[in-house]
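Q: Mind looking over this structure? Questions follow.
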Amino acid sequence: MRKQLLGLAIALAVLIVAISVWVVVNSFQTEEADLVENTQTAPSENEVETPSVVRSKTYEEHMRSGAEALALENFEQAESEFAAAASSEPSAIEPLLNLTEAQVQLKEFDKARSNLLAAEQLDATNSDIFILRGIIFLREDNFLEAEQAFSKGGTSADFWSGLMAAFFDRRAEAEKLLTETTDARAPEIISAYTEYDRFPDSPKTHLDTLLSRAFVAIGEYELALAKIGPVLEDDANYRDAWILTGYAQYAKQNFELARESWQTAYALDPGKPETQYFLGLVNLELKNLDEAEKFLLLARENRSAATDLEEKLVELYLSSGKYRAAADLLAEEIESNTQATMEEFTRAISLYLEKLNDGRSAWDLANLATKRFPESGEAYNLAGWVSLTNGYLAEARTQLDQSIRLDPKSPWPYYNLGRVFEKDGKTSSALAAYHEAFDLDSEGPAGLLAGQNYNRLLAETKPAQNE
């Protein structure tokens with residue numbers, strides 16, 4: 001979800017100003033060695049062999065795996081690892097607290113509460129218990145209970161207590177607590193007060209909007225929605241308040257509510273590119289593809305600051321089967337961006353070749369790739385792939401040979417070279433190239449394809465050899 005919100009956050013930066021003013025074999029013997037029986041594909045669940053002895057993870061290993069999963073936002077895995085750790089060490093409080101954190105992220109609040117009660121039996125004074133309990137109350141919109149829980153957390157809960165003081169309009173207390181804490185989120189709240197002070201004649205709704213924006217910035221969407229609600233009751237035509245409301249609702253995955261809020265903001269100001277981008281994004285989530293395309297194109301035309309706008313358009317075009325539009329947009333972005341990566345070149349070329357049978361457009365990009373990356377074996381492999389697909393075998397071989405010289409450990413140019421030799425009727429050379437690709441990537445996609453081609457070609461040549 002955080003990756004999805006990156007473009008939103010960038011577009012929101014513009015809003016801040018407005019408020020203020022992504023085989024086979026073990027060894028190669030001869031062409032008579034039939035690899036078909038040894039070809040391996042990814043085993044199904046029933047084919048996976050279970051080791052005769054399986055060593056259980058230690059407590060420390062469960063904790064480490066849980067922490068890694070939590071950092072990667074794989075909350076289900078984190079929950080599983082911390083639950084196993086807690087089971088192996090019933091007297092340890094840390095796995096219970098970490099387990100609670102994962103369950104809060106999964107919105108499993110009843111389970112989280114049960115684990116906090118178990119933690120409380122181990123150490124009733126642990127401040128993290130009260131902080132986590134307060135966070136649960138926050139997620140359930142129980143703000144008074146949240147504040148009471150944070151108040152029991154001591155100085156460790158200063159950030160949370162300051163946050164609640166700001167929400168309840170106790171500015172002096174909020175600034176004192178937030179200034180004293182080292183929490184990296186605190187400056188967002190303090191900056192709302194600083195910004196408000198620049199406009200001494202502005203109404204309180206301006207401060208409430210600034211605080212709502214700060215709450216959104218630190219991911220406290222429940223507080224943001226509760227704070228911005230009265231602002232809209234006071235002024236239903238406050239465009240930026242509607243944008244903030246939609247942002248918080250989108251972050252909470254309330255997509256229909258977000259669409260309604262942003263639609264209201266759009267009706268108030270149809271020309272704002274950020275609102276157009278947001279409407280494109282939420283309609284994409286709701287599978288309203290025509291509406292999503294309309295608004296994303298509007299935002300692009302009006303130069304929205306969202307950095308993932310083109311990527312969202314490509315996603316939309318692929319979902320709609322509009323491969324030409326997707327490929328052309330990717331190509332346009334590559335041509336205008338001198339920092340485009342080889343992955344971006346590969347993606348566009350793949351669309352041109354595999355979905356559109358457009359070898360000319362694919363060649364234009366492959367040629368550009370070799371010019372921008374003259375020392376890249378990957379670039380020359382792309383060029384070789386395009387030349388092969390277009391039927392220019394001599395050119396393809398030259399380009400693939402160059403790719404191998406630049407990157408002799410990459411399996412793909414050997415695989416493509418095998419295809420070149422096979423099309424040119426050079427069976428022995430094709431077999432050798434396929435086998436080399438497999439040796440370099442025995443468990444990867446290039447190795448699998450090479451192994452399949454090797455076995456097929458070998459089987460096709462055996463009858464001729466037997467005759």
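Labels used: A, B, ... for chains in the order of the structure tokens, numbers from 1 for residues in each chain, and numbers from 1 for ligands as shown.
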Given only C-alpha atoms, how would the per-residue table for segment 103-191 of chain A near segment 68-88 of chain A read, listing every residue at most 7 Å away with its closest atom pair and distance in Å to one decimal, sorted by chain and number, as JSON lines?
A:
{"residue": "A:Gln103", "atom": "CA", "partner": "A:Glu79", "partner_atom": "CA", "distance": 6.7}
{"residue": "A:Gln105", "atom": "CA", "partner": "A:Phe75", "partner_atom": "CA", "distance": 6.9}
{"residue": "A:Leu106", "atom": "CA", "partner": "A:Phe75", "partner_atom": "CA", "distance": 6.7}
Q: Using only C-alpha atoms, which residues of segment 248-286 of chain A come within 9 Å of segment 212-223 of chain A, and what is the closest atom pair for each, with the distance in Å to one decimal? Give it as CSV, sorted by chain and residue number.
A:
residue,atom,partner,partner_atom,distance
A:Ala248,CA,A:Tyr221,CA,5.1
A:Gln249,CA,A:Tyr221,CA,7.6
A:Ala251,CA,A:Tyr221,CA,7.4
A:Lys252,CA,A:Tyr221,CA,7.2
Q: Those same residues, written as a PDB file, in the first residue's frame with C-alpha atoms?
A:
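Saved as selection_17.pdb:
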ATOM      1  CA  ALA A 248      -7.310   9.599   3.780  1.00  0.00           C
ATOM      2  CA  GLN A 249     -10.220   7.475   2.554  1.00  0.00           C
ATOM      3  CA  ALA A 251      -5.312   5.208   2.150  1.00  0.00           C
ATOM      4  CA  LYS A 252      -7.866   3.311   4.251  1.00  0.00           C
TER       5      LYS A 252
END
Q: Compile the contact shell of segment 116-129 of chain A as a list of chain:residue names: residues with an atom at most 8 Å away, counting only C-alpha atoms, same-chain residues fewer than 2 positions apart removed.
A: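 Returned residues: A:Ser91, A:Ala92, A:Ile93, A:Leu96, A:Leu97, A:Thr100, A:Ala112, A:Arg113, A:Ser114, A:Ile131, A:Leu132, A:Arg133, A:Lys152, A:Gly153, A:Gly154, A:Ser156, A:Ala157.
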Q: Given the selection you just returned, output its residues as a file containing C-alpha atoms, formatted as a PDB file, in the first residue's frame.
A:
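Below is the file that was written, again_35.pdb:
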ATOM      1  CA  SER A  91       7.988 -16.054  29.304  1.00  0.00           C
ATOM      2  CA  ALA A  92       9.219 -13.549  26.705  1.00  0.00           C
ATOM      3  CA  ILE A  93       7.190 -10.377  26.192  1.00  0.00           C
ATOM      4  CA  LEU A  96       3.789 -10.878  22.079  1.00  0.00           C
ATOM      5  CA  LEU A  97       4.305  -7.165  21.485  1.00  0.00           C
ATOM      6  CA  THR A 100       0.292  -7.481  18.404  1.00  0.00           C
ATOM      7  CA  ALA A 112      -4.258  -8.061  19.318  1.00  0.00           C
ATOM      8  CA  ARG A 113      -6.107  -7.245  22.537  1.00  0.00           C
ATOM      9  CA  SER A 114      -5.770 -10.849  23.755  1.00  0.00           C
ATOM     10  CA  ILE A 131       0.962   2.489  23.213  1.00  0.00           C
ATOM     11  CA  LEU A 132      -0.289  -0.505  21.218  1.00  0.00           C
ATOM     12  CA  ARG A 133      -3.596  -0.422  23.074  1.00  0.00           C
ATOM     13  CA  LYS A 152      -0.302   5.494  30.838  1.00  0.00           C
ATOM     14  CA  GLY A 153       2.726   4.993  28.602  1.00  0.00           C
ATOM     15  CA  GLY A 154       4.967   7.551  30.292  1.00  0.00           C
ATOM     16  CA  SER A 156       7.792   6.620  25.775  1.00  0.00           C
ATOM     17  CA  ALA A 157       4.330   7.711  24.666  1.00  0.00           C
TER      18      ALA A 157
END
Q: Hey, can you check how far atom CA of Leu388 of chain A sits from atom CA of Arg419 of chain A?
A: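 Atom-to-atom, atom CA of Leu388 of chain A to atom CA of Arg419 of chain A, that is 8.0 Å.
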Q: Contacts of Leu211 of chain A at 12 Å or less, counting only C-alpha atoms, minus same-chain residues fewer than 2 places along, as a PyMOL selection string?
A: chain A and resi 16+19-20+163-169+171+174+186-196+204-209+213-218+220-221+223-228+231+241+244
Q: Provide the atom CA of Glu233 of chain A to atom CA of Pro273 of chain A distance in Å, to one decimal place.
A: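 We find that atom CA of Glu233 of chain A and atom CA of Pro273 of chain A lie 25.1 Å from each other.
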Q: Can you list every residue in segment 43-169 of chain A that DSSP puts in helix (DSSP H, G or I), as an NGL selection string?
A: :A and (45-47 or 59-71 or 75-88 or 94-105 or 109-122 or 127-139 or 143-151 or 154-167)
Q: Give me a file of those residues, with C-alpha atoms, as a short mmCIF file (atom, residue, chain, number, x, y, z; two decimals), in the first residue's frame.
A:
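Now in result-v3.cif:
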data_model
loop_
_atom_site.label_atom_id
_atom_site.label_comp_id
_atom_site.auth_asym_id
_atom_site.auth_seq_id
_atom_site.Cartn_x
_atom_site.Cartn_y
_atom_site.Cartn_z
CA GLU A 45 3.12 -29.04 -4.22
CA ASN A 46 2.69 -32.82 -4.36
CA GLU A 47 6.09 -33.26 -5.98
CA TYR A 59 13.35 -18.55 18.99
CA GLU A 60 15.95 -16.12 17.65
CA GLU A 61 15.34 -17.26 14.07
CA HIS A 62 11.59 -16.79 14.41
CA MET A 63 12.12 -13.30 15.83
CA ARG A 64 14.55 -12.37 13.08
CA SER A 65 12.27 -13.70 10.33
CA GLY A 66 9.32 -11.91 11.89
CA ALA A 67 11.18 -8.61 12.02
CA GLU A 68 12.19 -8.97 8.37
CA ALA A 69 8.61 -9.75 7.34
CA LEU A 70 7.31 -6.81 9.35
CA ALA A 71 9.78 -4.45 7.67
CA PHE A 75 2.14 -8.91 7.99
CA GLU A 76 0.71 -12.44 7.67
CA GLN A 77 4.21 -13.92 7.68
CA ALA A 78 5.25 -11.67 10.53
CA GLU A 79 2.22 -12.79 12.53
CA SER A 80 3.12 -16.46 11.94
CA GLU A 81 6.77 -16.00 12.94
CA PHE A 82 6.06 -14.01 16.08
CA ALA A 83 3.32 -16.46 17.14
CA ALA A 84 5.85 -19.30 16.81
CA ALA A 85 8.41 -17.32 18.80
CA ALA A 86 5.87 -16.61 21.53
CA SER A 87 4.97 -20.30 21.66
CA SER A 88 8.62 -21.35 22.00
CA GLU A 94 8.86 -9.18 22.95
CA PRO A 95 7.19 -11.70 20.60
CA LEU A 96 3.79 -10.88 22.08
CA LEU A 97 4.30 -7.17 21.49
CA ASN A 98 5.57 -7.74 17.93
CA LEU A 99 2.72 -10.16 17.28
CA THR A 100 0.29 -7.48 18.40
CA GLU A 101 1.87 -4.96 16.05
CA ALA A 102 1.42 -7.33 13.09
CA GLN A 103 -2.19 -8.01 14.08
CA VAL A 104 -2.96 -4.31 14.36
CA GLN A 105 -1.71 -3.90 10.79
CA PHE A 109 -8.00 -6.16 16.85
CA ASP A 110 -9.56 -8.86 19.06
CA LYS A 111 -6.48 -11.06 18.67
CA ALA A 112 -4.26 -8.06 19.32
CA ARG A 113 -6.11 -7.24 22.54
CA SER A 114 -5.77 -10.85 23.76
CA ASN A 115 -2.03 -10.78 23.19
CA LEU A 116 -1.71 -7.46 25.02
CA LEU A 117 -3.49 -9.01 28.00
CA ALA A 118 -1.01 -11.91 27.88
CA ALA A 119 1.86 -9.42 27.71
CA GLU A 120 0.41 -7.55 30.66
CA GLN A 121 0.61 -10.74 32.72
CA LEU A 122 4.36 -10.77 32.05
CA SER A 127 4.93 1.17 28.03
CA ASP A 128 4.56 -0.56 24.66
CA ILE A 129 1.44 -2.29 25.96
CA PHE A 130 -0.31 1.04 26.50
CA ILE A 131 0.96 2.49 23.21
CA LEU A 132 -0.29 -0.51 21.22
CA ARG A 133 -3.60 -0.42 23.07
CA GLY A 134 -3.94 3.25 22.24
CA ILE A 135 -3.20 2.59 18.58
CA ILE A 136 -5.97 -0.03 18.51
CA PHE A 137 -8.38 2.54 19.91
CA LEU A 138 -7.23 5.03 17.26
CA ARG A 139 -7.90 2.56 14.45
CA PHE A 143 -10.09 8.85 20.39
CA LEU A 144 -10.81 9.50 24.07
CA GLU A 145 -9.90 5.90 24.97
CA ALA A 146 -6.79 6.20 22.83
CA GLU A 147 -5.66 9.28 24.71
CA GLN A 148 -6.26 7.61 28.07
CA ALA A 149 -4.20 4.57 27.01
CA PHE A 150 -1.31 6.75 25.78
CA SER A 151 -1.32 8.71 29.04
CA GLY A 154 4.97 7.55 30.29
CA THR A 155 7.61 9.44 28.36
CA SER A 156 7.79 6.62 25.78
CA ALA A 157 4.33 7.71 24.67
CA ASP A 158 5.14 11.44 24.40
CA PHE A 159 4.66 11.48 20.64
CA TRP A 160 1.26 9.82 20.90
CA SER A 161 0.15 12.02 23.76
CA GLY A 162 1.28 15.08 21.81
CA LEU A 163 -0.60 13.83 18.77
CA MET A 164 -3.80 13.53 20.78
CA ALA A 165 -3.29 16.95 22.34
CA ALA A 166 -3.04 18.42 18.85
CA PHE A 167 -6.19 16.59 17.82
#
Q: Nearest to Asn367 of chain A: which of A:Ala383, A:Leu353, A:Leu313, A:Ile334 is it, counting only C-alpha atoms?
A: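 Under the stated criterion, the closest residue is A:Ala383.
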Q: Might you pull out every residue within 6 Å of Gly246 of chain A, with only C-alpha atoms counted and same-chain residues fewer than 5 positions away left off, and present them as a JSON list (two decimals) with C-alpha atoms, in the first residue's frame?
A:
[["chain", "number", "residue", "atom", "x", "y", "z"],
["A", 258, "ALA", "CA", -12.54, 8.48, -1.87],
["A", 261, "SER", "CA", -14.76, 13.12, -2.17],
["A", 262, "TRP", "CA", -12.45, 13.70, -5.11]]
